[in-house]
Each structure stands twice: as C-alpha cells, then as structure tokens.
file start.txt (compact mmCIF, C-alpha atoms)
# COMPACT_ATOMS: atom_id res chain seq x y z
CA MET A 24 192.29 106.83 105.39
CA HIS A 25 191.81 104.58 108.36
CA ASP A 26 193.64 101.65 106.80
CA LEU A 27 196.78 101.04 104.77
CA SER A 28 194.94 99.79 101.68
CA LEU A 29 193.54 103.29 101.11
CA TYR A 30 197.00 104.86 101.22
CA LEU A 31 198.17 102.16 98.82
CA LEU A 32 195.29 102.93 96.46
CA ASP A 33 196.21 106.61 96.59
CA ILE A 34 199.86 106.10 95.64
CA ILE A 35 199.03 103.64 92.86
CA GLU A 36 196.62 106.28 91.54
CA ASN A 37 199.49 108.79 91.55
CA SER A 38 201.50 106.45 89.32
CA VAL A 39 198.60 105.89 86.93
CA ARG A 40 197.88 109.61 86.74
CA ALA A 41 201.55 110.28 85.98
CA GLY A 42 201.20 108.07 82.90
CA ALA A 43 203.11 104.98 84.05
CA THR A 44 202.76 101.84 81.91
CA ARG A 45 204.50 99.53 84.40
CA ILE A 46 203.74 99.61 88.11
CA SER A 47 205.28 97.34 90.70
CA VAL A 48 203.58 96.95 94.09
CA GLY A 49 205.22 95.22 97.02
CA VAL A 50 203.95 94.31 100.48
CA THR A 51 206.58 92.70 102.68
CA VAL A 52 206.17 91.41 106.22
CA GLU A 53 209.06 90.28 108.41
CA ARG A 54 207.50 89.06 111.61
CA ALA A 55 210.83 88.41 113.34
CA ALA A 56 211.85 92.03 112.72
CA ASP A 57 208.33 93.30 113.50
CA SER A 58 208.31 95.04 110.15
CA LEU A 59 205.75 95.82 107.47
CA GLU A 60 206.87 97.51 104.28
CA ILE A 61 204.84 98.76 101.33
CA THR A 62 206.47 99.85 98.08
CA VAL A 63 205.16 101.21 94.81
CA GLU A 64 207.43 101.96 91.87
CA ASP A 65 206.72 102.83 88.27
CA ASP A 66 208.21 103.69 84.89
CA GLY A 67 206.54 107.11 84.70
CA PRO A 68 208.28 110.47 84.39
CA GLY A 69 209.37 110.40 88.03
CA LEU A 70 208.74 112.96 90.72
CA PRO A 71 208.25 116.42 89.22
CA VAL A 72 209.82 117.95 92.33
CA THR A 73 212.35 117.17 95.02
CA PRO A 74 211.46 114.44 97.56
CA HIS A 75 211.20 117.16 100.19
CA GLU A 76 208.60 119.03 98.14
CA ALA A 77 206.74 115.83 97.32
CA LEU A 78 206.16 115.22 101.03
CA ASP A 79 205.06 118.79 101.69
CA PRO A 80 201.31 118.69 102.44
CA PHE A 81 200.89 122.02 100.67
CA PHE A 82 202.25 120.64 97.41
CA THR A 83 200.05 118.90 94.83
CA THR A 84 200.22 117.95 91.15
CA LYS A 85 196.45 118.16 90.81
CA LYS A 86 195.23 121.35 89.20
CA GLY A 87 192.85 123.48 91.22
CA LYS A 88 193.82 121.96 94.55
CA LYS A 89 195.94 123.81 97.04
CA THR A 90 197.07 120.90 99.15
CA GLY A 91 198.23 117.37 98.31
CA LEU A 92 197.79 115.14 101.27
CA GLY A 93 198.07 111.52 100.16
CA LEU A 94 201.81 111.06 100.64
CA SER A 95 201.94 113.43 103.62
CA LEU A 96 199.24 111.58 105.52
CA PHE A 97 200.79 108.21 104.64
CA ARG A 98 204.14 109.39 105.94
CA GLN A 99 202.55 110.66 109.13
CA ALA A 100 200.75 107.34 109.67
CA ALA A 101 203.98 105.41 109.06
CA GLU A 102 205.95 107.62 111.45
CA ALA A 103 203.25 107.27 114.10
CA ALA A 104 203.68 103.49 113.79
CA GLY A 105 207.44 103.64 114.38
CA GLY A 106 208.43 103.83 110.71
CA GLY A 107 208.74 106.31 107.91
CA LEU A 108 208.25 106.97 104.25
CA SER A 109 210.69 107.84 101.51
CA VAL A 110 210.26 108.78 97.88
CA GLY A 111 212.69 108.95 95.01
CA ARG A 112 213.62 107.45 91.66
CA SER A 113 212.97 103.77 90.99
CA ALA A 114 216.25 101.97 90.26
CA ASP A 115 214.40 99.13 88.51
CA LEU A 116 211.75 100.96 86.51
CA GLY A 117 213.20 104.47 86.18
CA GLY A 118 210.13 106.34 87.39
CA ALA A 119 208.94 107.23 90.87
CA PHE A 120 209.49 105.13 93.97
CA VAL A 121 207.55 105.24 97.24
CA ARG A 122 208.52 103.11 100.23
CA ALA A 123 206.69 103.11 103.56
CA TRP A 124 207.78 101.02 106.51
CA MET A 125 206.38 100.59 110.01
CA GLY A 126 206.24 98.34 113.03
CA LEU A 127 203.98 95.39 112.25
CA GLY A 128 202.85 95.12 115.87
CA ASN A 129 202.92 98.83 116.68
CA VAL A 130 199.66 99.82 118.42
CA ASP A 131 199.41 102.91 116.21
CA ARG A 132 199.82 101.00 112.96
CA PRO A 133 196.64 101.35 110.88
CA PRO A 134 195.05 98.03 109.96
CA LEU A 135 196.02 96.60 106.59
CA GLY A 136 192.48 96.86 105.26
CA ASP A 137 191.39 95.38 101.98
CA VAL A 138 194.67 95.48 100.08
CA ALA A 139 193.41 92.84 97.66
CA ALA A 140 190.50 95.10 96.71
CA SER A 141 192.78 98.13 96.27
CA ILE A 142 195.11 96.24 93.96
CA PHE A 143 192.29 94.52 92.10
CA THR A 144 190.49 97.84 91.55
CA MET A 145 193.56 99.50 90.09
CA VAL A 146 194.37 96.51 87.86
CA ALA A 147 190.80 96.18 86.61
CA THR A 148 190.35 99.87 85.84
CA ASN A 149 193.75 100.30 84.16
CA PRO A 150 194.07 97.39 81.71
CA GLU A 151 196.74 99.23 79.72
CA VAL A 152 199.11 99.23 82.69
CA ASP A 153 201.36 96.23 83.35
CA PHE A 154 201.12 95.55 87.09
CA VAL A 155 203.44 93.31 89.07
CA VAL A 156 202.50 92.50 92.65
CA ASP A 157 205.04 90.97 95.06
CA LEU A 158 203.86 89.72 98.42
CA ALA A 159 206.16 88.37 101.09
CA ASP A 160 205.44 87.08 104.57
CA GLY A 161 208.79 85.86 105.82
CA ASP A 162 209.80 82.99 103.54
CA LYS A 163 206.38 82.75 101.93
CA ARG A 164 206.54 84.70 98.70
CA THR A 165 203.97 85.25 95.98
CA SER A 166 204.51 87.19 92.80
CA LEU A 167 201.80 87.80 90.26
CA ARG A 168 201.13 89.95 87.23
CA GLY A 169 198.05 92.08 86.78
CA SER A 170 196.89 90.03 83.79
CA GLU A 171 196.73 86.87 85.92
CA LEU A 172 195.10 88.56 88.90
CA PRO A 173 191.52 87.39 88.18
CA GLN A 174 192.74 83.77 88.35
CA ARG A 175 195.13 84.31 91.24
CA LEU A 176 193.04 86.59 93.42
CA PRO A 177 192.74 83.79 96.03
CA ALA A 178 196.52 84.00 96.61
CA LEU A 179 196.23 87.74 97.26
CA VAL A 180 193.27 87.26 99.58
CA ALA A 181 195.05 84.44 101.44
CA TYR A 182 198.08 86.70 101.98
CA GLN A 183 195.87 89.44 103.33
CA GLU A 184 193.96 87.10 105.63
CA ALA A 185 197.20 85.74 107.09
CA LEU A 186 198.05 89.29 108.18
CA THR A 187 194.71 90.33 109.68
CA MET B 16 180.81 132.42 120.87
CA LYS B 17 183.82 134.46 119.85
CA LEU B 18 187.16 132.70 119.58
CA GLU B 19 188.76 135.11 122.03
CA ASP B 20 186.02 134.37 124.58
CA ILE B 21 186.53 130.64 124.16
CA ALA B 22 190.26 131.06 124.64
CA ARG B 23 189.76 133.09 127.81
CA GLU B 24 187.11 130.79 129.32
CA LEU B 25 189.17 127.65 128.66
CA GLY B 26 192.46 129.25 129.65
CA LEU B 27 194.02 128.41 126.30
CA ALA B 28 197.51 129.58 125.41
CA GLU B 29 197.43 131.38 122.07
CA LEU B 30 200.25 130.33 119.75
CA THR B 31 199.41 132.62 116.85
CA PRO B 32 198.75 136.18 118.07
CA GLU B 33 199.80 137.22 114.54
CA VAL B 34 196.44 135.91 113.27
CA SER B 35 194.38 138.80 114.53
CA GLY B 36 191.34 138.64 112.28
CA ASN B 37 190.12 135.38 113.72
CA VAL B 38 189.61 136.19 117.38
CA GLU B 39 186.40 138.03 116.59
CA ALA B 40 185.09 135.07 114.60
CA GLU B 41 181.91 133.45 115.88
CA ILE B 42 182.53 129.76 116.50
CA GLU B 43 179.39 127.66 116.40
CA ARG B 44 180.71 124.24 115.43
CA GLY B 45 183.57 122.02 116.42
CA TYR B 46 185.19 118.69 115.65
CA ALA B 47 187.50 116.38 117.57
CA SER B 48 189.62 113.75 115.84
CA ASP B 49 193.23 112.67 115.44
CA LEU B 50 192.66 111.00 112.09
CA LEU B 51 193.28 113.81 109.64
CA SER B 52 191.53 112.27 106.65
CA ASP B 53 188.46 112.09 108.89
CA VAL B 54 188.89 115.76 109.81
CA LEU B 55 189.18 116.59 106.13
CA ALA B 56 185.93 114.81 105.38
CA ASN B 57 183.85 115.88 108.37
CA ALA B 58 185.07 119.01 110.15
CA PRO B 59 182.62 121.92 109.82
CA GLU B 60 183.70 125.01 107.87
CA GLY B 61 184.50 127.92 110.15
CA GLY B 62 184.70 125.60 113.14
CA VAL B 63 187.31 124.64 115.69
CA LEU B 64 189.28 121.38 115.73
CA VAL B 65 190.50 119.71 118.93
CA THR B 66 193.34 117.26 118.26
CA LEU B 67 196.49 115.67 119.62
CA GLN B 68 198.26 115.85 116.27
CA VAL B 69 200.79 118.65 115.88
CA HIS B 70 202.05 117.65 112.43
CA LEU B 71 202.19 120.14 109.55
CA ASN B 72 199.44 118.04 107.96
CA VAL B 73 197.02 119.46 110.55
CA ILE B 74 197.44 122.91 109.03
CA ALA B 75 197.00 121.60 105.48
CA VAL B 76 193.82 119.81 106.53
CA ALA B 77 192.54 122.79 108.53
CA SER B 78 193.17 125.04 105.54
CA HIS B 79 191.37 122.67 103.21
CA ALA B 80 188.42 122.31 105.59
CA GLU B 81 188.44 126.09 106.14
CA LEU B 82 188.62 125.80 109.91
CA ALA B 83 189.03 128.94 112.00
CA ALA B 84 191.13 127.45 114.77
CA VAL B 85 192.88 124.38 116.12
CA ILE B 86 193.23 123.54 119.82
CA PHE B 87 196.06 121.14 120.66
CA ALA B 88 195.21 119.00 123.67
CA GLY B 89 197.51 117.56 126.32
CA SER B 90 200.03 120.43 126.16
CA ARG B 91 201.25 119.29 122.75
CA ARG B 92 202.98 122.11 120.92
CA PRO B 93 203.70 122.23 117.19
CA ASP B 94 207.11 123.13 115.77
CA ASP B 95 207.83 126.65 114.59
CA ASP B 96 207.39 125.76 110.91
CA VAL B 97 203.88 124.49 111.67
CA ARG B 98 203.06 127.68 113.52
CA ALA B 99 204.43 129.79 110.66
CA LYS B 100 202.28 127.96 108.13
CA ALA B 101 199.18 128.46 110.30
CA ILE B 102 199.86 132.18 110.41
CA ALA B 103 200.27 132.23 106.62
CA GLU B 104 196.97 130.38 106.24
CA GLY B 105 195.15 132.57 108.78
CA ILE B 106 194.39 129.73 111.18
CA SER B 107 194.56 130.40 114.92
CA LEU B 108 196.37 127.84 117.08
CA TYR B 109 195.90 127.27 120.79
CA VAL B 110 197.28 124.80 123.29
CA SER B 111 195.69 123.45 126.45
CA PRO B 112 197.01 121.18 129.17
CA ALA B 113 193.58 119.50 129.33
CA ASP B 114 192.82 116.33 127.39
CA THR B 115 190.54 116.22 124.35
CA PHE B 116 187.54 114.94 126.30
CA ASP B 117 187.60 117.77 128.81
CA ILE B 118 188.21 120.47 126.20
CA VAL B 119 185.32 119.25 124.06
CA GLY B 120 183.04 118.97 127.10
CA ARG B 121 183.70 122.55 128.04
CA LEU B 122 183.29 123.79 124.47
CA TYR B 123 179.96 121.98 124.26
CA ALA B 124 178.78 123.52 127.51
CA MET B 125 179.64 126.92 126.02
CA GLY B 126 177.38 126.24 123.04
CA VAL B 127 179.89 125.01 120.45
CA LYS B 128 178.21 121.97 118.91
CA GLY B 129 179.11 119.15 116.54
CA ASN B 130 177.70 118.41 113.11
CA HIS B 131 174.59 116.64 114.30
CA ALA B 132 173.45 118.60 117.34

call {"tool": "encode", "arguments": {"input": "start.txt", "output": "structure tokens"}}
result
Amino acid sequence: MHDLSLYLLDIIENSVRAGATRISVGVTVERAADSLEITVEDDGPGLPVTPHEALDPFFTTKKGKKTGLGLSLFRQAAEAAGGGLSVGRSADLGGAFVRAWMGLGNVDRPPLGDVAASIFTMVATNPEVDFVVDLADGDKRTSLRGSELPQRLPALVAYQEALT
Amino acid sequence: MKLEDIARELGLAELTPEVSGNVEAEIERGYASDLLSDVLANAPEGGVLVTLQVHLNVIAVASHAELAAVIFAGSRRPDDDVRAKAIAEGISLYVSPADTFDIVGRLYAMGVKGNHA
C-alpha cells in the first residue's frame, strides 16, 4: 500500500463485498488549504460494528482472517500525513461512509498512484453496481457515472495527471 | 541467536517481560521497514522487525506475519494499549535509542540475516 489508489481500491472493495448497489467515490483537492480528501460512500447495509471497532486492526469482516488492516493502515497513513480518517453512516446513500483527509503537500503523504486504474478496475469488474465519481481540484470539477467511464476515462486520467 | 542474547548485546530495553516464551526463540531472520503493508508481505516468519512505527497496526501486522519480536528504533515507545496487545499476541517488544540503520547493522553482524542473504 505505497500509494493512495491502493487504499481507495481496498475501501471500494469493502463496499462491493458488503453488497452495495450504489457507490459514490470522491477525490477533492483544495490547493489553497493544502488539503486532499478521499471519500467513499455506499447504499449497503452500513458498518456492522461501531466506528471504533471498524478502525481496530484486529477486527475484520472476512471469515478466516484474524486481522483487518485496510482501514487501519489507511487511517495511519492519513494521520502520518497530517490528516485523519473517519467512518460512519452515509447521509446521502444510507450505507457506509469513509472519509480520509490529509495534507496535500505533506512530505509523508503517500503518492496518489493510479487512481484512474483503481476506479476503472472496480467499475469494469462490478457492472451491476452504479458508480458515481466526483473529482474536484479547486474550482475544476468533474462528475461521471460508471457507465460512461469508458468514454470519459481521459477526464479521470487528466485529473490524476494534474495532481502528480 | 536467541532473542535474549540479541537484547543483551544491543542493550535493548524490553517492554514486554510478560512474554516469557519468546526470549529463548532462535532468531535467524529480520526485516526493517516502516511501511506496514510491505512488512505484511515480506517479513520472515519467526523473525524480528526493526521499525519506527509504534502504531497498534504494527502488532496486527506482526501477528499476521508471525514475527517473534519488534524493535522500535530512535527511542520511540508505543502506548500501553499497543504493549498490552503485543503481550496478548505473544510478541516481544524492545526499544533502542539507536536508529534503524545501526540496529540492523549490528543484528546483521550477529548473524541475523534478511530474506535474500
């Protein structure tokens, strides 16, 4: 997990595995505030445990595994980069909500990585899920649905390239 | 090399005397990294980890990778809840004022090797 796209992939996978049919992914950059924020929310059953338990590295929903590290490692990476991570219930979609924020220019912030590939992979392998992707870089905003991603992939790639 | 001998030679402070079964363990391999997903993927079973991270995640990763011990470099000390979890998981914790490079160099000289030696 040396870049943020891998953490993003991991939390989108959590939503898919929980049975969500709508997943909303947001990446927001505010350069003036030196801030980078990543959100994933869904319409799944929501967190099966308290937020505190969900961020416990010894808690997992996967059978046969003793530890669940995706969210815990993401939180640690975000905290190391001057930010944090919170989980809860999505006000818009009713399922789970994950929000990670960090200092855009913090020296300990992991690189963004191939976010376009992470999102594209999840959209392509889960055609039954309705994905919405919102990208913001200051005033520049792009919103696209999973079904239009093959045509609009250049917009996603352009967003990513502007940040790396 | 026994863990207790390593601890004595390197002058490590033991944080988990409650984990008594481990000090007799023979340590042949080690790993040094602060990126815990990397530790999870590459640290050798039964080995020792040298890291700056003192987060609870270290214990989860060490447990998953079945490490015998963790040495915290640069005098970094974990919180009590981290120590308690290590004891529950049977993982020995040590702290050293030395930096990672020097700790690893001394471990290597004592015969504790990496994955590819």

call {"tool": "closest_residue", "arguments": {"input": "start.txt", "among": "A:Leu31, A:Leu78, A:Ala114, A:Leu176", "to": "chain B", "atoms": "all atoms listed in the file"}}
result
A:Leu78

call {"tool": "closest_atom_pairs", "arguments": {"input": "start.txt", "of": "chain A", "to": "chain B", "cutoff": "7 Å", "atoms": "all atoms listed in the file", "output": "Markdown table"}}
result
| residue | atom | partner | partner_atom | distance |
| --- | --- | --- | --- | --- |
| A:Met24 | CA | B:Ser52 | CA | 5.6 |
| A:Pro80 | CA | B:Asn72 | CA | 5.9 |
| A:Phe81 | CA | B:Ala75 | CA | 6.2 |
| A:Thr90 | CA | B:Ala75 | CA | 6.4 |
| A:Ser95 | CA | B:Asn72 | CA | 6.8 |
| A:Leu96 | CA | B:Asn72 | CA | 6.9 |

call {"tool": "residues_around", "arguments": {"input": "start.txt", "residues": "Arg40 in chain A", "least_positions_apart": "5", "cutoff": "12 Å", "atoms": "all atoms listed in the file", "output": "number ranges by chain"}}
result
A: 33-35, 46, 65, 67-69, 84-85, 145, 149, 152

call {"tool": "residues_around", "arguments": {"input": "start.txt", "residues": "Arg54 in chain A", "least_positions_apart": "5", "cutoff": "8 Å", "atoms": "only C-alpha atoms", "output": "PyMOL selection string"}}
result
chain A and resi 127+160-161

call {"tool": "residues_around", "arguments": {"input": "start.txt", "residues": "Ala77 in chain B", "least_positions_apart": "6", "cutoff": "10 Å", "atoms": "only C-alpha atoms", "output": "mmCIF file with C-alpha atoms, keeping the file's coordinate frame"}}
result
data_model
loop_
_atom_site.group_PDB
_atom_site.id
_atom_site.type_symbol
_atom_site.label_atom_id
_atom_site.label_comp_id
_atom_site.auth_asym_id
_atom_site.auth_seq_id
_atom_site.Cartn_x
_atom_site.Cartn_y
_atom_site.Cartn_z
ATOM 1 C CA LEU B 51 193.280 113.810 109.640
ATOM 2 C CA VAL B 54 188.890 115.760 109.810
ATOM 3 C CA LEU B 55 189.180 116.590 106.130
ATOM 4 C CA ALA B 58 185.070 119.010 110.150
ATOM 5 C CA GLU B 60 183.700 125.010 107.870
ATOM 6 C CA GLY B 61 184.500 127.920 110.150
ATOM 7 C CA GLY B 62 184.700 125.600 113.140
ATOM 8 C CA VAL B 63 187.310 124.640 115.690
ATOM 9 C CA LEU B 64 189.280 121.380 115.730
ATOM 10 C CA ALA B 83 189.030 128.940 112.000
ATOM 11 C CA ALA B 84 191.130 127.450 114.770
ATOM 12 C CA VAL B 85 192.880 124.380 116.120
ATOM 13 C CA ALA B 101 199.180 128.460 110.300
ATOM 14 C CA GLU B 104 196.970 130.380 106.240
ATOM 15 C CA ILE B 106 194.390 129.730 111.180
#

call {"tool": "atom_distance", "arguments": {"input": "start.txt", "atom1": "CA of Thr83 in chain A", "atom2": "CA of Asn37 in chain B"}}
result
27.0 Å

call {"tool": "closest_residue", "arguments": {"input": "start.txt", "among": "B:Ala47, B:Ala124, B:Leu108, B:Ile118", "to": "Gly89 in chain B", "atoms": "all atoms listed in the file"}}
result
B:Ile118

call {"tool": "closest_residue", "arguments": {"input": "start.txt", "among": "A:Ala43, A:Val110, A:Leu32, A:Val180", "to": "Asp153 in chain A", "atoms": "all atoms listed in the file"}}
result
A:Ala43

call {"tool": "atom_distance", "arguments": {"input": "start.txt", "atom1": "CA of Gly106 in chain A", "atom2": "CA of Leu59 in chain A"}}
result
9.0 Å

call {"tool": "atom_distance", "arguments": {"input": "start.txt", "atom1": "CA of Leu172 in chain A", "atom2": "CA of Phe97 in chain A"}}
result
25.8 Å

call {"tool": "residues_near_point", "arguments": {"input": "start.txt", "point": "(206.6, 94.9, 117.2)", "cutoff": "8 Å", "atoms": "only C-alpha atoms", "output": "ChimeraX atom specification"}}
result
/A:56-58,126-129

call {"tool": "residues_around", "arguments": {"input": "start.txt", "residues": "Ala104 in chain A", "least_positions_apart": "3", "cutoff": "8 Å", "atoms": "all atoms listed in the file", "output": "list of chain:residue names"}}
result
A:Ala100, A:Ala101, A:Met125, A:Gly126, A:Asn129, A:Val130, A:Asp131, A:Arg132, A:Pro133

call {"tool": "residues_around", "arguments": {"input": "start.txt", "residues": "Arg92 in chain B", "least_positions_apart": "4", "cutoff": "9 Å", "atoms": "all atoms listed in the file", "output": "PyMOL selection string"}}
result
chain B and resi 30+69+87-88+109-110
